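What follows is the content of protein.pdb (PDB, C-alpha atoms, pLDDT in the B column).
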```pdb
MODEL        1
ATOM      1  CA  MET A   1       5.528   8.617  -9.230  1.00 91.00           C
ATOM      2  CA  PHE A   2       3.293   6.868  -6.754  1.00 90.00           C
ATOM      3  CA  THR A   3       1.599   8.057  -3.602  1.00 95.00           C
ATOM      4  CA  VAL A   4       0.044   5.990  -0.842  1.00 95.00           C
ATOM      5  CA  ASN A   5      -2.286   7.921   1.479  1.00 96.00           C
ATOM      6  CA  ASP A   6      -3.168   6.413   4.847  1.00 97.00           C
ATOM      7  CA  ILE A   7      -3.905   2.907   3.568  1.00 96.00           C
ATOM      8  CA  GLY A   8      -4.906   0.056   5.790  1.00 96.00           C
ATOM      9  CA  LYS A   9      -5.668  -3.583   5.120  1.00 96.00           C
ATOM     10  CA  ASN A  10      -7.477  -6.085   7.306  1.00 95.00           C
ATOM     11  CA  TYR A  11      -7.948  -9.773   6.677  1.00 91.00           C
ATOM     12  CA  LYS A  12     -10.882 -10.687   8.896  1.00 91.00           C
ATOM     13  CA  LYS A  13      -9.705  -9.569  12.353  1.00 91.00           C
ATOM     14  CA  LYS A  14      -5.979  -9.371  11.504  1.00 92.00           C
ATOM     15  CA  MET A  15      -4.661  -5.889  10.685  1.00 93.00           C
ATOM     16  CA  VAL A  16      -1.868  -6.196   8.117  1.00 93.00           C
ATOM     17  CA  LEU A  17      -1.348  -2.540   7.169  1.00 95.00           C
ATOM     18  CA  ASN A  18      -2.229   0.359   9.445  1.00 95.00           C
ATOM     19  CA  HIS A  19      -2.113   4.016   8.272  1.00 96.00           C
ATOM     20  CA  ILE A  20       0.698   3.615   5.715  1.00 96.00           C
ATOM     21  CA  SER A  21       1.607   6.750   3.766  1.00 97.00           C
ATOM     22  CA  LEU A  22       4.528   7.334   1.409  1.00 95.00           C
ATOM     23  CA  GLN A  23       5.460   9.062  -1.806  1.00 96.00           C
ATOM     24  CA  VAL A  24       8.105   7.930  -4.287  1.00 96.00           C
ATOM     25  CA  ALA A  25       9.239  10.283  -7.048  1.00 96.00           C
ATOM     26  CA  PRO A  26      10.415   9.198 -10.516  1.00 94.00           C
ATOM     27  CA  GLY A  27      13.987   7.881 -10.366  1.00 95.00           C
ATOM     28  CA  GLU A  28      13.845   7.274  -6.619  1.00 96.00           C
ATOM     29  CA  CYS A  29      14.706   3.841  -5.295  1.00 95.00           C
ATOM     30  CA  ILE A  30      13.268   2.506  -2.041  1.00 93.00           C
ATOM     31  CA  GLY A  31      13.520  -0.730  -0.098  1.00 94.00           C
ATOM     32  CA  LEU A  32      11.025  -2.484   2.147  1.00 94.00           C
ATOM     33  CA  LEU A  33      12.341  -4.316   5.179  1.00 96.00           C
ATOM     34  CA  GLY A  34      10.497  -6.264   7.825  1.00 95.00           C
ATOM     35  CA  ILE A  35       9.952  -9.615   9.415  1.00 95.00           C
ATOM     36  CA  ASN A  36       7.748 -12.275   7.841  1.00 94.00           C
ATOM     37  CA  GLY A  37       4.102 -11.297   8.005  1.00 89.00           C
ATOM     38  CA  SER A  38       4.756  -7.575   8.441  1.00 91.00           C
ATOM     39  CA  GLY A  39       2.852  -6.539   5.279  1.00 93.00           C
ATOM     40  CA  LYS A  40       5.610  -5.996   2.709  1.00 96.00           C
ATOM     41  CA  SER A  41       4.013  -8.174   0.026  1.00 96.00           C
ATOM     42  CA  THR A  42       0.563  -6.784   0.788  1.00 95.00           C
ATOM     43  CA  LEU A  43       1.839  -3.231   0.242  1.00 95.00           C
ATOM     44  CA  ILE A  44       3.386  -4.225  -3.110  1.00 94.00           C
ATOM     45  CA  GLN A  45       0.115  -5.908  -4.133  1.00 95.00           C
ATOM     46  CA  HIS A  46      -1.704  -2.625  -3.429  1.00 92.00           C
ATOM     47  CA  LEU A  47       0.744  -0.751  -5.669  1.00 89.00           C
ATOM     48  CA  ASN A  48       0.224  -3.302  -8.452  1.00 91.00           C
ATOM     49  CA  GLY A  49      -3.553  -2.966  -8.199  1.00 90.00           C
ATOM     50  CA  LEU A  50      -3.970  -6.610  -7.175  1.00 94.00           C
ATOM     51  CA  VAL A  51      -5.440  -5.995  -3.710  1.00 92.00           C
ATOM     52  CA  LYS A  52      -7.936  -3.322  -2.690  1.00 94.00           C
ATOM     53  CA  PRO A  53      -7.106  -1.571   0.588  1.00 95.00           C
ATOM     54  CA  THR A  54      -9.595  -1.607   3.448  1.00 95.00           C
ATOM     55  CA  SER A  55      -9.001   2.145   3.818  1.00 96.00           C
ATOM     56  CA  GLY A  56      -6.969   4.890   2.154  1.00 96.00           C
ATOM     57  CA  GLU A  57      -5.923   5.666  -1.425  1.00 95.00           C
ATOM     58  CA  VAL A  58      -3.200   4.683  -3.877  1.00 95.00           C
ATOM     59  CA  PHE A  59      -2.188   6.987  -6.755  1.00 95.00           C
ATOM     60  CA  ILE A  60       0.145   6.182  -9.641  1.00 92.00           C
ATOM     61  CA  ASP A  61       1.177   9.142 -11.802  1.00 93.00           C
ATOM     62  CA  GLY A  62      -1.637  11.147 -10.219  1.00 91.00           C
ATOM     63  CA  GLN A  63      -4.304   8.596 -11.150  1.00 93.00           C
ATOM     64  CA  ASN A  64      -6.253   7.018  -8.297  1.00 94.00           C
ATOM     65  CA  ILE A  65      -6.108   3.222  -8.657  1.00 92.00           C
ATOM     66  CA  TRP A  66      -7.797   2.561  -5.286  1.00 85.00           C
TER      67      TRP A  66
ENDMDL
END
```

How does the structure come out when it is put into structure tokens?
Amino acid sequence: MFTVNDIGKNYKKKMVLNHISLQVAPGECIGLLGINGSGKSTLIQHLNGLVKPTSGEVFIDGQNIW
């Protein structure tokens, strides 16, 4: 399971993610849709631990990775 609590990401003055929160339980399947530049890849990079959010927290199996 993973949980995203109120994360945000800024690159200089550009806000890419703003107050994103979601929870996905084991066995659940979700999809991310949006236009180019809407933050889909940035959100996935947060979940993989590749990018640190500007604000908020990311938990995987109850363990805080950011």

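Picked by the PyMOL selection byres ((chain A and resi 58) around 10) from the coordinates shown: A:Phe2, A:Thr3, A:Val4, A:Asn5, A:Asp6, A:Ile7, A:Ser21, A:Leu22, A:Gln23, A:His46, A:Leu47, A:Asn48, A:Gly49, A:Lys52, A:Pro53, A:Ser55, A:Gly56, A:Glu57, A:Phe59, A:Ile60, A:Gly62, A:Gln63, A:Asn64, A:Ile65, A:Trp66.
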
Residues from last step as file, C-alpha atoms, as a PDB file, keeping the file's coordinate frame:
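The new file selection_1.pdb reads:
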```pdb
ATOM      1  CA  PHE A   2       3.293   6.868  -6.754  1.00 90.00           C
ATOM      2  CA  THR A   3       1.599   8.057  -3.602  1.00 95.00           C
ATOM      3  CA  VAL A   4       0.044   5.990  -0.842  1.00 95.00           C
ATOM      4  CA  ASN A   5      -2.286   7.921   1.479  1.00 96.00           C
ATOM      5  CA  ASP A   6      -3.168   6.413   4.847  1.00 97.00           C
ATOM      6  CA  ILE A   7      -3.905   2.907   3.568  1.00 96.00           C
ATOM      7  CA  SER A  21       1.607   6.750   3.766  1.00 97.00           C
ATOM      8  CA  LEU A  22       4.528   7.334   1.409  1.00 95.00           C
ATOM      9  CA  GLN A  23       5.460   9.062  -1.806  1.00 96.00           C
ATOM     10  CA  HIS A  46      -1.704  -2.625  -3.429  1.00 92.00           C
ATOM     11  CA  LEU A  47       0.744  -0.751  -5.669  1.00 89.00           C
ATOM     12  CA  ASN A  48       0.224  -3.302  -8.452  1.00 91.00           C
ATOM     13  CA  GLY A  49      -3.553  -2.966  -8.199  1.00 90.00           C
ATOM     14  CA  LYS A  52      -7.936  -3.322  -2.690  1.00 94.00           C
ATOM     15  CA  PRO A  53      -7.106  -1.571   0.588  1.00 95.00           C
ATOM     16  CA  SER A  55      -9.001   2.145   3.818  1.00 96.00           C
ATOM     17  CA  GLY A  56      -6.969   4.890   2.154  1.00 96.00           C
ATOM     18  CA  GLU A  57      -5.923   5.666  -1.425  1.00 95.00           C
ATOM     19  CA  PHE A  59      -2.188   6.987  -6.755  1.00 95.00           C
ATOM     20  CA  ILE A  60       0.145   6.182  -9.641  1.00 92.00           C
ATOM     21  CA  GLY A  62      -1.637  11.147 -10.219  1.00 91.00           C
ATOM     22  CA  GLN A  63      -4.304   8.596 -11.150  1.00 93.00           C
ATOM     23  CA  ASN A  64      -6.253   7.018  -8.297  1.00 94.00           C
ATOM     24  CA  ILE A  65      -6.108   3.222  -8.657  1.00 92.00           C
ATOM     25  CA  TRP A  66      -7.797   2.561  -5.286  1.00 85.00           C
TER      26      TRP A  66
END
```

In Å and to one decimal, CA of Thr42 in chain A is distant from CA of Leu17 in chain A by 7.9 Å

I need the output of the PyMOL selection byres ((chain A and resi 16) around 12) for this file as a list in words; which residues are they? Ile7, Gly8, Lys9, Asn10, Tyr11, Lys12, Lys13, Lys14, Met15, Leu17, Asn18, His19, Ile20, Asn36, Gly37, Ser38, Gly39, Lys40, Ser41, Thr42, Leu43, Pro53, Thr54 and Ser55 of chain A

How would range 33-45 of chain A read, as a compact mmCIF listing (two decimals), in the frame of the given file, once N, CA, C and O atoms are built in?
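New file out_17.txt:
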```
# COMPACT_ATOMS: atom_id res chain seq x y z
N LEU A 33 11.76 -3.34 4.27
CA LEU A 33 12.34 -4.32 5.18
C LEU A 33 11.34 -4.64 6.28
O LEU A 33 10.59 -3.78 6.70
N GLY A 34 11.35 -5.87 6.72
CA GLY A 34 10.50 -6.26 7.82
C GLY A 34 10.49 -7.76 7.99
O GLY A 34 10.87 -8.50 7.09
N ILE A 35 10.03 -8.19 9.15
CA ILE A 35 9.95 -9.62 9.41
C ILE A 35 8.83 -10.24 8.60
O ILE A 35 7.97 -9.53 8.05
N ASN A 36 8.82 -11.57 8.53
CA ASN A 36 7.75 -12.28 7.84
C ASN A 36 6.40 -11.88 8.44
O ASN A 36 6.25 -11.80 9.65
N GLY A 37 5.44 -11.64 7.56
CA GLY A 37 4.10 -11.30 8.01
C GLY A 37 3.90 -9.84 8.37
O GLY A 37 2.86 -9.48 8.91
N SER A 38 4.88 -8.98 8.05
CA SER A 38 4.76 -7.58 8.44
C SER A 38 4.01 -6.72 7.42
O SER A 38 3.79 -5.54 7.67
N GLY A 39 3.65 -7.28 6.25
CA GLY A 39 2.85 -6.54 5.28
C GLY A 39 3.59 -6.05 4.04
O GLY A 39 3.02 -5.32 3.23
N LYS A 40 4.83 -6.45 3.87
CA LYS A 40 5.61 -6.00 2.71
C LYS A 40 4.96 -6.41 1.39
O LYS A 40 4.74 -5.56 0.51
N SER A 41 4.63 -7.68 1.26
CA SER A 41 4.01 -8.17 0.03
C SER A 41 2.63 -7.58 -0.18
O SER A 41 2.24 -7.26 -1.31
N THR A 42 1.90 -7.39 0.89
CA THR A 42 0.56 -6.78 0.79
C THR A 42 0.67 -5.36 0.27
O THR A 42 -0.12 -4.95 -0.59
N LEU A 43 1.64 -4.60 0.73
CA LEU A 43 1.84 -3.23 0.24
C LEU A 43 2.16 -3.24 -1.25
O LEU A 43 1.58 -2.46 -2.02
N ILE A 44 3.04 -4.12 -1.69
CA ILE A 44 3.39 -4.22 -3.11
C ILE A 44 2.16 -4.62 -3.94
O ILE A 44 1.95 -4.09 -5.03
N GLN A 45 1.34 -5.52 -3.42
CA GLN A 45 0.12 -5.91 -4.13
C GLN A 45 -0.84 -4.73 -4.28
O GLN A 45 -1.52 -4.60 -5.30
```
